[in-house]
Amino acid sequence: TDPIPIAIPAMAGTGEAGARLGAQISQVIANNLRSSGLFRPVQQAAFIQSPEAAAATPRFQDWRVIGAVALVTGRVDASGDRLRVEFRLWDVLPEQQALGTAYNANAANWRQIAHIISDDIYRRMLGE
């Protein structure tokens, strides 16, 4: 089968640390899904809607026109050494949320959170 086209914009973040971690977490998620061979992250240069706007409410037609079947949005709140990462997986064609959750952890564990989110997306989309 062909890899599933999935859009993974940088997660919106509060403050400089939140924005930096949001971009890093999104990049790890994209790399994990791409390396599985079952997903094809859509190039960020093709994105029409900004990550901040998509984190609030996606305009599904903007994601559909660039060929995305799924969309991952999120928000990162970094406060001191604590981190809260909220993410949502959207099914673009029926325009509905497929998964959504939040993780709280020590800010040093941001990479582990990204791997957990990747696993959540993989499980939800492929049932494995």
# chains A, B, ... in the order shown; residues from 1 in each chain; ligands from 1

$ residues_around --residues "Glu16 of chain A" --least-positions-apart "2" --cutoff "12 Å" --atoms "only C-alpha atoms" --output "list of chain:residue names"
A:Ala12, A:Gly13, A:Thr14, A:Gly18, A:Ala19, A:Arg20, A:Leu21, A:Gly22, A:Ala23, A:Val76, A:Asp77, A:Ala78, A:Ser79, A:Gly80

$ residues_around --residues "Arg123 of chain A" --least-positions-apart "2" --cutoff "12 Å" --atoms "only C-alpha atoms" --output "ChimeraX atom specification"
/A:33,38,89,98-99,116-121,125-128

$ residues_around --residues "segment 49-61 of chain A" --least-positions-apart "6" --cutoff "7 Å" --atoms "only C-alpha atoms" --output "list in words"
Pro9, Ala10, Met11, Ala12, Thr73, Gly74, Arg75, Val92 and Glu95 of chain A

$ write_last_selection --atoms "N, CA, C and O atoms" --output "CSV table (one decimal), in the first residue's frame"
chain,number,residue,atom,x,y,z
A,9,PRO,N,2.1,19.8,11.4
A,9,PRO,CA,2.7,21.2,11.5
A,9,PRO,C,3.3,21.3,12.9
A,9,PRO,O,3.0,20.5,13.8
A,10,ALA,N,4.2,22.3,13.1
A,10,ALA,CA,4.8,22.5,14.4
A,10,ALA,C,3.7,22.8,15.4
A,10,ALA,O,2.7,23.5,15.1
A,11,MET,N,3.8,22.2,16.6
A,11,MET,CA,2.8,22.5,17.6
A,11,MET,C,2.9,23.9,18.1
A,11,MET,O,4.0,24.4,18.2
A,12,ALA,N,1.7,24.5,18.3
A,12,ALA,CA,1.7,25.9,18.9
A,12,ALA,C,2.3,25.8,20.3
A,12,ALA,O,2.2,24.8,21.0
A,73,THR,N,-2.4,18.1,15.3
A,73,THR,CA,-2.3,19.5,15.8
A,73,THR,C,-2.0,19.4,17.3
A,73,THR,O,-2.2,18.3,17.9
A,74,GLY,N,-1.5,20.4,17.9
A,74,GLY,CA,-1.2,20.4,19.3
A,74,GLY,C,-0.7,21.7,19.9
A,74,GLY,O,-0.5,22.7,19.1
A,75,ARG,N,-0.5,21.7,21.2
A,75,ARG,CA,-0.1,22.8,21.9
A,75,ARG,C,0.9,22.4,23.0
A,75,ARG,O,0.6,21.4,23.6
A,92,VAL,N,-9.1,14.0,8.2
A,92,VAL,CA,-9.4,15.1,7.3
A,92,VAL,C,-10.7,14.9,6.5
A,92,VAL,O,-11.5,15.8,6.3
A,95,GLU,N,-13.8,15.0,8.5
A,95,GLU,CA,-13.7,16.2,9.3
A,95,GLU,C,-14.1,16.0,10.7
A,95,GLU,O,-14.9,16.7,11.3

$ closest_residue --among "A:Gln96, A:Asn109, A:Asn32, A:Gln24" --to "Arg84 of chain A" --atoms "only C-alpha atoms"
A:Asn109

$ residues_around --residues "Gly67 of chain A" --least-positions-apart "4" --cutoff "10 Å" --atoms "only C-alpha atoms" --output "ChimeraX atom specification"
/A:4-7,42,46,61-63,92

$ write_last_selection --atoms "all heavy atoms" --output "compact mmCIF listing (two decimals), in the first residue's frame"
# COMPACT_ATOMS: atom_id res chain seq x y z
N ILE A 4 0.46 6.61 4.10
CA ILE A 4 -0.65 7.51 4.41
C ILE A 4 -0.12 8.95 4.49
O ILE A 4 0.78 9.23 5.28
CB ILE A 4 -1.30 7.12 5.75
CG1 ILE A 4 -1.87 5.70 5.68
CG2 ILE A 4 -2.38 8.13 6.14
CD1 ILE A 4 -2.25 5.12 7.03
N PRO A 5 -0.67 9.87 3.68
CA PRO A 5 -0.24 11.27 3.77
C PRO A 5 -0.79 11.92 5.04
O PRO A 5 -2.00 11.95 5.25
CB PRO A 5 -0.80 11.91 2.51
CG PRO A 5 -1.82 10.97 1.96
CD PRO A 5 -1.62 9.64 2.60
N ILE A 6 0.11 12.40 5.87
CA ILE A 6 -0.28 12.99 7.15
C ILE A 6 0.41 14.34 7.30
O ILE A 6 1.60 14.48 7.00
CB ILE A 6 0.06 12.03 8.32
CG1 ILE A 6 -0.43 12.57 9.65
CG2 ILE A 6 1.55 11.71 8.36
CD1 ILE A 6 -0.36 11.56 10.79
N ALA A 7 -0.34 15.35 7.71
CA ALA A 7 0.20 16.69 7.93
C ALA A 7 0.53 16.84 9.41
O ALA A 7 -0.31 16.57 10.27
CB ALA A 7 -0.81 17.76 7.50
N VAL A 42 3.42 15.29 4.95
CA VAL A 42 3.29 16.31 3.91
C VAL A 42 4.32 17.41 4.20
O VAL A 42 4.52 17.78 5.36
CB VAL A 42 1.86 16.89 3.90
CG1 VAL A 42 1.72 18.02 2.90
CG2 VAL A 42 0.84 15.79 3.62
N ALA A 46 3.89 23.26 2.03
CA ALA A 46 2.59 23.18 1.38
C ALA A 46 1.44 23.64 2.29
O ALA A 46 0.33 23.85 1.82
CB ALA A 46 2.33 21.75 0.91
N GLN A 61 -10.67 21.89 4.60
CA GLN A 61 -10.47 22.05 3.18
C GLN A 61 -9.03 22.47 2.87
O GLN A 61 -8.48 22.08 1.84
CB GLN A 61 -11.48 23.03 2.56
CG GLN A 61 -11.34 24.47 3.01
CD GLN A 61 -12.08 24.79 4.30
OE1 GLN A 61 -12.50 23.92 5.04
NE2 GLN A 61 -12.24 26.07 4.57
N ASP A 62 -8.38 23.21 3.78
CA ASP A 62 -6.99 23.62 3.57
C ASP A 62 -6.04 22.41 3.63
O ASP A 62 -5.00 22.41 2.99
CB ASP A 62 -6.55 24.63 4.63
CG ASP A 62 -7.19 25.99 4.42
OD1 ASP A 62 -7.86 26.20 3.39
OD2 ASP A 62 -7.02 26.86 5.30
N TRP A 63 -6.41 21.42 4.41
CA TRP A 63 -5.57 20.23 4.54
C TRP A 63 -5.89 19.21 3.46
O TRP A 63 -5.01 18.48 2.99
CB TRP A 63 -5.71 19.65 5.95
CG TRP A 63 -5.31 20.67 6.96
CD1 TRP A 63 -6.13 21.46 7.72
CD2 TRP A 63 -3.98 21.08 7.28
NE1 TRP A 63 -5.40 22.33 8.48
CE2 TRP A 63 -4.07 22.11 8.24
CE3 TRP A 63 -2.72 20.68 6.85
CZ2 TRP A 63 -2.94 22.74 8.78
CZ3 TRP A 63 -1.60 21.30 7.39
CH2 TRP A 63 -1.72 22.32 8.34
N VAL A 92 -9.14 13.95 8.19
CA VAL A 92 -9.44 15.11 7.34
C VAL A 92 -10.67 14.89 6.47
O VAL A 92 -11.48 15.80 6.29
CB VAL A 92 -8.21 15.48 6.48
CG1 VAL A 92 -8.54 16.55 5.46
CG2 VAL A 92 -7.06 15.91 7.37

$ closest_residue --among "A:Ile8, A:Leu83, A:Ile25, A:Val69" --to "Ala45 of chain A" --atoms "only C-alpha atoms"
A:Ile8

$ residues_around --residues "segment 103-108 of chain A" --least-positions-apart "2" --cutoff "7 Å" --atoms "only C-alpha atoms" --output "PyMOL selection string"
chain A and resi 81-86+101+110

$ atom_distance --atom1 "atom CA of Gly100 of chain A" --atom2 "atom CA of Arg64 of chain A"
20.0 Å
